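What follows is a set of notes on a single structure, which appears directly below.
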There are 4 protein chains.
Amino acid sequence: MSADGPSTGPFVQADYTVSFHRPKLSVLLPVSGSYVGDWKVVNIGLHPDYARNTRSSHTWVRAGKIKKLLQRRGTYDHKGTYGHALIIAGSFGKMGAAVLAARGALRSGVGLLTARIPARGYAVMQTAVPEAMVMTDPNEMIFTEPVDTSAYTALGIGPGMGRDDRTAEALGRILEQFRRPVVLDADALNIISEKRHLLAIIPEGSILTPHPKEFERLVGPWNNGFERLQKQRELAQALRSVVVVKGAHTSVAAPDGHLYFNSTGNPGMATGGTGDVLTGVLTSLLAQHYPPVEAAISGVFLHGLAGDLARAVVGEEGLIASDLVDHLPAAFLKIRRT
Amino acid sequence: MSADGPSTGPFVQADYTVSFHRPKLSVLLPVSGSYVGDWKVVNIGLHPDYARNTRSSHTWVRAGKIKKLLQRRGTYDHKGTYGHALIIAGSFGKMGAAVLAARGALRSGVGLLTARIPARGYAVMQTAVPEAMVMTDPNEMIFTEPVDTSAYTALGIGPGMGRDDRTAEALGRILEQFRRPVVLDADALNIISEKRHLLAIIPEGSILTPHPKEFERLVGPWNNGFERLQKQRELAQALRSVVVVKGAHTSVAAPDGHLYFNSTGNPGMATGGTGDVLTGVLTSLLAQHYPPVEAAISGVFLHGLAGDLARAVVGEEGLIASDLVDHLPAAFLKIRRT
Amino acid sequence: MSADGPSTGPFVQADYTVSFHRPKLSVLLPVSGSYVGDWKVVNIGLHPDYARNTRSSHTWVRAGKIKKLLQRRGTYDHKGTYGHALIIAGSFGKMGAAVLAARGALRSGVGLLTARIPARGYAVMQTAVPEAMVMTDPNEMIFTEPVDTSAYTALGIGPGMGRDDRTAEALGRILEQFRRPVVLDADALNIISEKRHLLAIIPEGSILTPHPKEFERLVGPWNNGFERLQKQRELAQALRSVVVVKGAHTSVAAPDGHLYFNSTGNPGMATGGTGDVLTGVLTSLLAQHYPPVEAAISGVFLHGLAGDLARAVVGEEGLIASDLVDHLPAAFLKIRRT
Amino acid sequence: MSADGPSTGPFVQADYTVSFHRPKLSVLLPVSGSYVGDWKVVNIGLHPDYARNTRSSHTWVRAGKIKKLLQRRGTYDHKGTYGHALIIAGSFGKMGAAVLAARGALRSGVGLLTARIPARGYAVMQTAVPEAMVMTDPNEMIFTEPVDTSAYTALGIGPGMGRDDRTAEALGRILEQFRRPVVLDADALNIISEKRHLLAIIPEGSILTPHPKEFERLVGPWNNGFERLQKQRELAQALRSVVVVKGAHTSVAAPDGHLYFNSTGNPGMATGGTGDVLTGVLTSLLAQHYPPVEAAISGVFLHGLAGDLARAVVGEEGLIASDLVDHLPAAFLKIRRT
């Protein structure tokens with residue numbers, strides 16, 4: 001089995017795989033990865049200069065890198081310093097998506113947060129998240145009417161939003177007017193897959209966070225993991241945005257085509273609502289003026305680390321999306337103290 | 001007092017009873033059990049082969065057995081791997097039953113969860129359980145309209161649902177269309193006791209979870225505990241399903257007539273809502289593709305273990321059903337680390 | 001200053017007072033008590049028989065006594081064993097009283113709990129207390145319609161209920177039909193103070209829990225603490241019920257005129273809602289078939305102990321009524337482990 | 001750079017600044033402070049009499065001072081002893097402000113709390129804060145109708161209230177009738193900035209809590225931090241009230257012109273809702289009969305200390321306003337145990 005490019009079977013099912021210095025690309029991919037068994041990166045004592053000087057098209061992201069990206073807070077900072085995020089999420093029966101995204105944003109340092117939700121979600125959001133301000137759509141069930149976005153430093157849109165035609169239209173009108181980066185998730189991406197002209201108006205420097213099925217709707221099927229990564233790179237380059245494909249070893253493609261592989265997270269996070277929390281975290285970091293690539297790799301890392309810290313307490317079966325929110329503070333602290 | 005079959009009084013009230021190798025059936029039954037006082041299983045050094053080779057119609061379930069049944073998660077698993085459960089529960093004034101069942105399911109590893117509830121419970125459920133998606137019945141107060149169940153890998157139905165005729169009819173129509181195992185609890189069982197033709201359409205491999213009174217409504221009265229167990233076996237065999245009679249030493253009858261006695265749980269769990277949590281746990285395990293008998297004995301064991309772990313913190317008087325939900329993660333972890 | 005009967009000033013303000021063997025009555029009373037400073041009971045080595053044989057009209061209640069009163073749970077007990085409590089509480093703007101009473105009842109061991117509340121409190125109660133079943137009054141704002149009480153083993157009525165005439169009438173009709181002990185608190189007592197004919201229909205063995213102002217409305221003013229205690233005894237004897245006057249060293253008068261003084265509690269509990277929690281605890285114990293006097297002195301002791309345990313964690317300013325609910329389990333455990 | 005008066009650049013950016021005996025005024029101001037880097041007060045062994053006898057127009061507030069100000073509770077105190085606070089806050093979409101202010105008040109020792117909120121916030125407040133009583137405005141969305149305030153020992157008004165003309169008019173009518181100190185925050189201050197005749201009817205001994213932008217709306221722009229402090233002193237003297245300008249080293253100007261600088265708090269508190277919690281704390285202390293200056297410097301100190309204790313657990317990014325509420329009890333305890 002080739003470790004650096006596509007290969008075809010039959011493969012040997014290994015019990016344990018060792019990768020020298022840093023993980024080979026193939027161990028990070030679902031299809032080939034499942035043949036690898038447990039694996040571990042072994043430090044073989046390469047001189048640090050070797051790593052720094054060897055150009056690679058992909059980076060394995062570890063805590064040390066994130067620590068350098070995290071911004072320090074100043075004594076005289078105030079709420080305005082940390083931005084004002086707008087989250088558009090939720091629909092009838094899926095208000096939890098908006099609640100989880102809002103909580104994820106608040107636990108990631110944003111200064112102010114406003115949630116735009118369908119009218120029937122009003123009491124739910126105000127009861128569950130007192131720190132969030134709420135604007136309601138005139139429609140009881142879904143998002144139908146764009147809002148003036150001039151006051152916001154970042155926008156997150158999509159979780160639990162549904163794909164109604166009126167929602168699709170409102171999404172288009174929001175994207176046309178917003179001049180800053182947007183986090184596009186879930187149904188926002190599903191709508192864009194159907195209305196492909198919307199791709200052209202995604203603001204530069206946005207972050208798209210599809211899971212593999214949503215990604216397939218966006219770019220069509222692939223034959224193997226390497227082709228999927230190639231499609232991910234191409235989409236990021238075409239949109240001049242960041243494309244995050246969620247899963248084990250979530251991959252983050254930068255607008256320059258560089259790939260980052262995340263090293264945190266676990267299968268306990270394969271449960272409803274964890275993606276909504278990630279949307280909140282990424283929107284929060286963008287609102288705080290993190291550059292998009294740094295927001296994406298930091299947010300993905302912190303989200304997965306929160307999951308790992310949660311797993312240590314509640315295990316994999318016991319883990320629910322709210323646990324990620326609850327462990328985000330510890331994730332930030334752990335990185336700062338690395 | 002005979003330990004292996006029915007017996008009649010007068011009995012001696014014992015302070016302490018010793019049962020060799022594994023507990024005799026009689027100590028596990030309420031009527032005779034209350035004469036036994038505290039009891040303890042004493043290992044008398046029988047060769048393991050003896051236990052394995054001696055056919056018995058009943059098994060005393062301990063942590064080691066559950067540990068073997070728990071499925072391991074793979075790195076590349078995703079939400080879909082762990083199924084999508086549907087819970088139909090609650091009615092006006094009993095929405096807590098739906099909340100507790102939903103929380104129990106989420107804390108037991110299901111990938112996605114949808115709750116079908118009467119319309120007036122909408123804000124309650126969305127506020128209390130953000131991880132659950134919600135579908136509302138057209139009726140404000142009760143369940144009246146079956147749903148398309150094709151997307152779900154398991155169904156749990158009954159807690160707090162009421163016995164209205166329209167609910168009974170909707171239950172019948174759900175059972176007719178659903179082709180996978182169902183967890184039937186509380187009012188679903190009470191309805192079936194009244195409309196006995198519904199017994200015939202319970203999908204094979206379902207799990208019924210009556211408490212003794214609900215069981216009596218299903219099968220009629222018994223003269224002693226051995227007769228009750230016999231009726232439990234017969235019902236399981238007739239329905240090709242699992243019948244769980246809840247109580248101290250909850251008994252689980254498999255479709256082949258084998259009986260499993262649970263070794264966890266305590267009287268602090270005799271409080272409103274604990275059964276609703278169990279429905280959630282069992283539905284969650286079925287949705288994750290556990291075989292019905294394994295789902296039943298694992299779920300019952302974990303639920304009781306969560307109760308035992310909760311009791312250590314809050315005692316018996318202080319224990320409420322939410323405590324079981326909160327201790328389910330620790331129960332899974334404790335078994336994994338056994 | 002006389003320690004065993006009424007006295008008149010001037011008094012010396014003491015820094016520290018020692019009471020031999022058990023506290024003199026005077027140190028337990030507000031008016032004289034505030035002159036005593038800190039006090040402490042010193043064991044002067046009296047033979048236990050002396051204490052047992054000396055008839056006294058009052059008892060200083062300590063943990064050892066409560067430990068003996070707490071009922072043990074049996075392995076084969078079920079929800080029905082621990083009764084079904086009905087709490088009638090809350091009105092528009094005061095639904096928290098119903099929530100706190102319900103939580104207090106659930107954390108004290110009741111088997112089942114139903115809350116009867118005005119219609120507009122429905123979502124509040126179902127969201128905040130999933131373990132409670134809810135019945136709504138036809139009136140949106142207040143309690144106006146009595147319910148069939150035949151299913152309940154105890155009734156608690158009054159917290160946050162208001163004094164509307166329709167509520168008063170409904171209270172009268174409930175008291176006429178209910179044949180078991182009732183806990184009467186707050187506005188139920190205020191109504192009875194105004195409609196004194198209701199005194200005659202309070203079921204024997206009930207528990208009244210006025211604070212001093214509510215008690216004054218019931219029995220008129222007093223000249224000193226000894227007179228107040230005398231009025232408390234007389235009311236208990238006249239009603240063949242238990243009269244609890246809340247405050248520092250809460251006093252409990254039994255139907256036979258005996259007085260019990262509570263030894264737990266602290267000034268941090270002087271905050272809104274703590275009395276509502278006590279109503280829940282007492283109703284729960286009555287529902288579990290505790291005899292009224294035992295329910296009253298145990299419930300008062302546990303409630304105060306929960307307050308003392310809470311104070312150790314949150315201090316006096318930080319203490320809110322919900323903390324009492326949260327520490328009730330530890331209070332039960334502490335007594336059991338005394 | 002002059003440490004005791006205004007100065008102009010260029011400044012040297014220092015890494016570390018030492019201030020002898022107590023901090024110089026300049027290190028406490030945002031504009032000059034940001035050039036100072038970390039700083040630390042070094043005890044240079046001045047005789048305590050020197051500090052006591054040297055008149056200064058400003059005080060650096062530390063835990064020891066707050067400890068002396070905190071009132072002790074007496075055994076026979078009751079709810080009435082600790083006052084009844086009224087909080088008028090919240091509007092459609094900003095009900096969280098009312099929830100957070102109410103929780104802040106309750107965790108700071110008030111005896112009773114009533115929240116006056118727009119009608120649509122009813123279920124939110126009753127579900128989230130069971131200890132608070134609620135009165136609803138006839139208007140669904142905003143505060144429009146003054147209430148009889150005779151029963152309350154303090155009033156807090158403003159958080160999330162909006163600036164509708166009807167709200168402004170109702171604010172004016174409340175201020176005209178209320179004869180005790182008021183905490184004025186957020187939109188109450190913004191309204192007063194627009195309707196300056198309201199300044200004249202603010203009750204003596206009130207506490208105003210603007211953040212710098214709100215303060216600028218009240219008093220106009222300033223050229224440097226010293227001028228800002230001078231304006232703060234002048235406003236306090238003119239209104240015979242306390243003026244708190246929030247930020248790093250929150251400054252409190254007493255009616256006699258004396259300035260107090262707070263020594264607690266951190267940049268993690270620069271997040272939505274923390275100011276609402278402070279309004280609750282201050283209103284609670286006024287309701288408990290703390291003199292206004294003592295309420296202001298104690299409340300500001302405790303609020304910042306709660307933030308510092310929260311930061312130790314959740315870090316700066318992870319900190320949300322609810323964390324301040326949760327750590328208020330520990331802040332009180334820490335001061336008492338200093």
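Residues in the structure tokens are numbered from 1 in each chain, the chains being A, B, ... in the order shown, and ligands are numbered from 1 in the order shown.
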Exercise. Within 10 Å of Ala296 of chain C, counting only C-alpha atoms, which residues show up once you throw out same-chain ones fewer than 2 positions away? Write them as a ChimeraX atom specification, please.
Key: /C:183,206-209,242-244,252-254,260,278,281-283,285-286,290-294,298-302
Self-check item: Residue hits in chain D, query chain C, radius 7 Å, only C-alpha atoms, as a count of residues only
Solution: 27
Practice problem: Could you give me the residues within segment 58-209 of chain D that DSSP places in alpha helix (DSSP H), as JSON, numbers by chain? | Solution: {"D": [63, 64, 65, 66, 67, 68, 69, 95, 96, 97, 98, 99, 100, 101, 102, 103, 104, 105, 106, 122, 123, 124, 125, 126, 127, 128, 165, 166, 167, 168, 169, 170, 171, 172, 173, 174, 175, 176, 177, 187, 188, 189, 190, 191, 192, 193, 194]}
Next, write the just-selected residues to a file, as a PDB file, in the first residue's frame, keeping C-alpha atoms as the atom set.
```
ATOM      1  CA  ALA D  63      -9.947  42.980  49.488  1.00  0.00           C
ATOM      2  CA  GLY D  64      -9.150  44.151  53.016  1.00  0.00           C
ATOM      3  CA  LYS D  65     -11.280  47.249  52.572  1.00  0.00           C
ATOM      4  CA  ILE D  66     -14.212  45.306  51.163  1.00  0.00           C
ATOM      5  CA  LYS D  67     -14.030  42.837  54.007  1.00  0.00           C
ATOM      6  CA  LYS D  68     -14.689  45.666  56.468  1.00  0.00           C
ATOM      7  CA  LEU D  69     -17.646  46.886  54.451  1.00  0.00           C
ATOM      8  CA  MET D  95     -34.546  39.194  27.833  1.00  0.00           C
ATOM      9  CA  GLY D  96     -31.198  37.696  28.768  1.00  0.00           C
ATOM     10  CA  ALA D  97     -30.220  41.050  30.253  1.00  0.00           C
ATOM     11  CA  ALA D  98     -33.090  40.756  32.705  1.00  0.00           C
ATOM     12  CA  VAL D  99     -32.259  37.136  33.495  1.00  0.00           C
ATOM     13  CA  LEU D 100     -28.613  37.932  34.187  1.00  0.00           C
ATOM     14  CA  ALA D 101     -29.409  40.989  36.319  1.00  0.00           C
ATOM     15  CA  ALA D 102     -31.912  38.964  38.339  1.00  0.00           C
ATOM     16  CA  ARG D 103     -29.452  36.142  38.914  1.00  0.00           C
ATOM     17  CA  GLY D 104     -26.753  38.613  39.897  1.00  0.00           C
ATOM     18  CA  ALA D 105     -29.078  40.162  42.465  1.00  0.00           C
ATOM     19  CA  LEU D 106     -30.126  36.834  43.956  1.00  0.00           C
ATOM     20  CA  TYR D 122     -42.724  35.969  30.968  1.00  0.00           C
ATOM     21  CA  ALA D 123     -41.999  32.272  30.377  1.00  0.00           C
ATOM     22  CA  VAL D 124     -38.302  32.992  29.848  1.00  0.00           C
ATOM     23  CA  MET D 125     -37.855  34.629  33.241  1.00  0.00           C
ATOM     24  CA  GLN D 126     -40.049  32.224  35.222  1.00  0.00           C
ATOM     25  CA  THR D 127     -38.272  29.215  33.743  1.00  0.00           C
ATOM     26  CA  ALA D 128     -34.749  30.577  34.087  1.00  0.00           C
ATOM     27  CA  ASP D 165     -40.079  56.965  23.688  1.00  0.00           C
ATOM     28  CA  ARG D 166     -42.686  55.163  25.776  1.00  0.00           C
ATOM     29  CA  THR D 167     -39.870  53.552  27.758  1.00  0.00           C
ATOM     30  CA  ALA D 168     -38.262  56.943  28.257  1.00  0.00           C
ATOM     31  CA  GLU D 169     -41.499  58.355  29.573  1.00  0.00           C
ATOM     32  CA  ALA D 170     -42.031  55.434  31.932  1.00  0.00           C
ATOM     33  CA  LEU D 171     -38.451  55.834  33.192  1.00  0.00           C
ATOM     34  CA  GLY D 172     -39.153  59.481  33.969  1.00  0.00           C
ATOM     35  CA  ARG D 173     -42.285  58.624  35.905  1.00  0.00           C
ATOM     36  CA  ILE D 174     -40.486  55.938  37.915  1.00  0.00           C
ATOM     37  CA  LEU D 175     -37.676  58.317  38.846  1.00  0.00           C
ATOM     38  CA  GLU D 176     -40.191  60.940  39.939  1.00  0.00           C
ATOM     39  CA  GLN D 177     -41.911  58.649  42.408  1.00  0.00           C
ATOM     40  CA  ASP D 187     -30.351  52.065  28.116  1.00  0.00           C
ATOM     41  CA  ALA D 188     -31.571  53.980  31.174  1.00  0.00           C
ATOM     42  CA  LEU D 189     -28.381  56.041  30.859  1.00  0.00           C
ATOM     43  CA  ASN D 190     -28.715  56.291  27.093  1.00  0.00           C
ATOM     44  CA  ILE D 191     -32.235  57.649  27.509  1.00  0.00           C
ATOM     45  CA  ILE D 192     -31.043  60.155  30.098  1.00  0.00           C
ATOM     46  CA  SER D 193     -28.312  61.285  27.683  1.00  0.00           C
ATOM     47  CA  GLU D 194     -31.034  62.165  25.226  1.00  0.00           C
TER      48      GLU D 194
END
```
Quiz item: Taking only C-alpha atoms into account, which of B:Pro221, B:Pro181, B:Pro210, B:Gly280 comes nearest Ser251 of chain B?
Solution: B:Pro210
Quiz prompt | Ala287 of chain A environment, 8 Å, only C-alpha atoms, sequence neighbours closer than 2 positions dropped, as a PyMOL selection string | solution = chain A and resi 82-85+110+152-155+283-285+289-290
For those residues, write N, CA, C and O atoms to a file as a short mmCIF file (atom, residue, chain, number, x, y, z; two decimals), in the first residue's frame.
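Dumped everything to out22.cif:
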```
data_model
loop_
_atom_site.label_atom_id
_atom_site.label_comp_id
_atom_site.auth_asym_id
_atom_site.auth_seq_id
_atom_site.Cartn_x
_atom_site.Cartn_y
_atom_site.Cartn_z
N TYR A 82 -13.66 42.37 20.72
CA TYR A 82 -13.84 40.96 20.37
C TYR A 82 -15.00 40.74 19.39
O TYR A 82 -15.44 39.61 19.18
N GLY A 83 -15.46 41.81 18.80
CA GLY A 83 -16.39 41.69 17.69
C GLY A 83 -17.82 41.35 18.06
O GLY A 83 -18.14 41.08 19.23
N HIS A 84 -18.66 41.39 17.06
CA HIS A 84 -20.08 41.09 17.22
C HIS A 84 -20.46 40.08 16.14
O HIS A 84 -20.48 40.40 14.95
N ALA A 85 -20.75 38.88 16.55
CA ALA A 85 -21.08 37.81 15.60
C ALA A 85 -22.58 37.72 15.39
O ALA A 85 -23.36 37.94 16.31
N VAL A 110 -16.21 35.51 21.75
CA VAL A 110 -16.78 36.64 21.02
C VAL A 110 -17.27 37.72 22.00
O VAL A 110 -17.70 37.40 23.13
N TYR A 152 -22.10 43.71 12.09
CA TYR A 152 -21.49 42.46 12.52
C TYR A 152 -20.10 42.25 11.93
O TYR A 152 -19.86 42.57 10.77
N THR A 153 -19.21 41.69 12.73
CA THR A 153 -17.85 41.45 12.25
C THR A 153 -17.70 40.05 11.66
O THR A 153 -16.66 39.74 11.07
N ALA A 154 -18.69 39.20 11.84
CA ALA A 154 -18.68 37.89 11.17
C ALA A 154 -20.09 37.32 11.18
O ALA A 154 -20.92 37.70 12.02
N LEU A 155 -20.31 36.42 10.25
CA LEU A 155 -21.62 35.79 10.10
C LEU A 155 -21.43 34.28 10.00
O LEU A 155 -20.57 33.80 9.26
N THR A 283 -17.32 31.01 13.79
CA THR A 283 -17.89 32.35 13.63
C THR A 283 -17.35 33.29 14.71
O THR A 283 -17.03 34.46 14.45
N SER A 284 -17.22 32.76 15.91
CA SER A 284 -16.69 33.54 17.02
C SER A 284 -15.25 33.99 16.75
O SER A 284 -14.89 35.15 16.96
N LEU A 285 -14.42 33.09 16.24
CA LEU A 285 -13.02 33.44 15.98
C LEU A 285 -12.93 34.45 14.84
O LEU A 285 -12.15 35.41 14.91
N HIS A 289 -11.63 38.75 14.62
CA HIS A 289 -10.63 39.21 13.67
C HIS A 289 -9.48 38.22 13.46
O HIS A 289 -8.40 38.63 13.02
N TYR A 290 -9.67 36.95 13.78
CA TYR A 290 -8.68 35.95 13.37
C TYR A 290 -8.70 35.86 11.84
O TYR A 290 -9.79 35.82 11.24
#
```
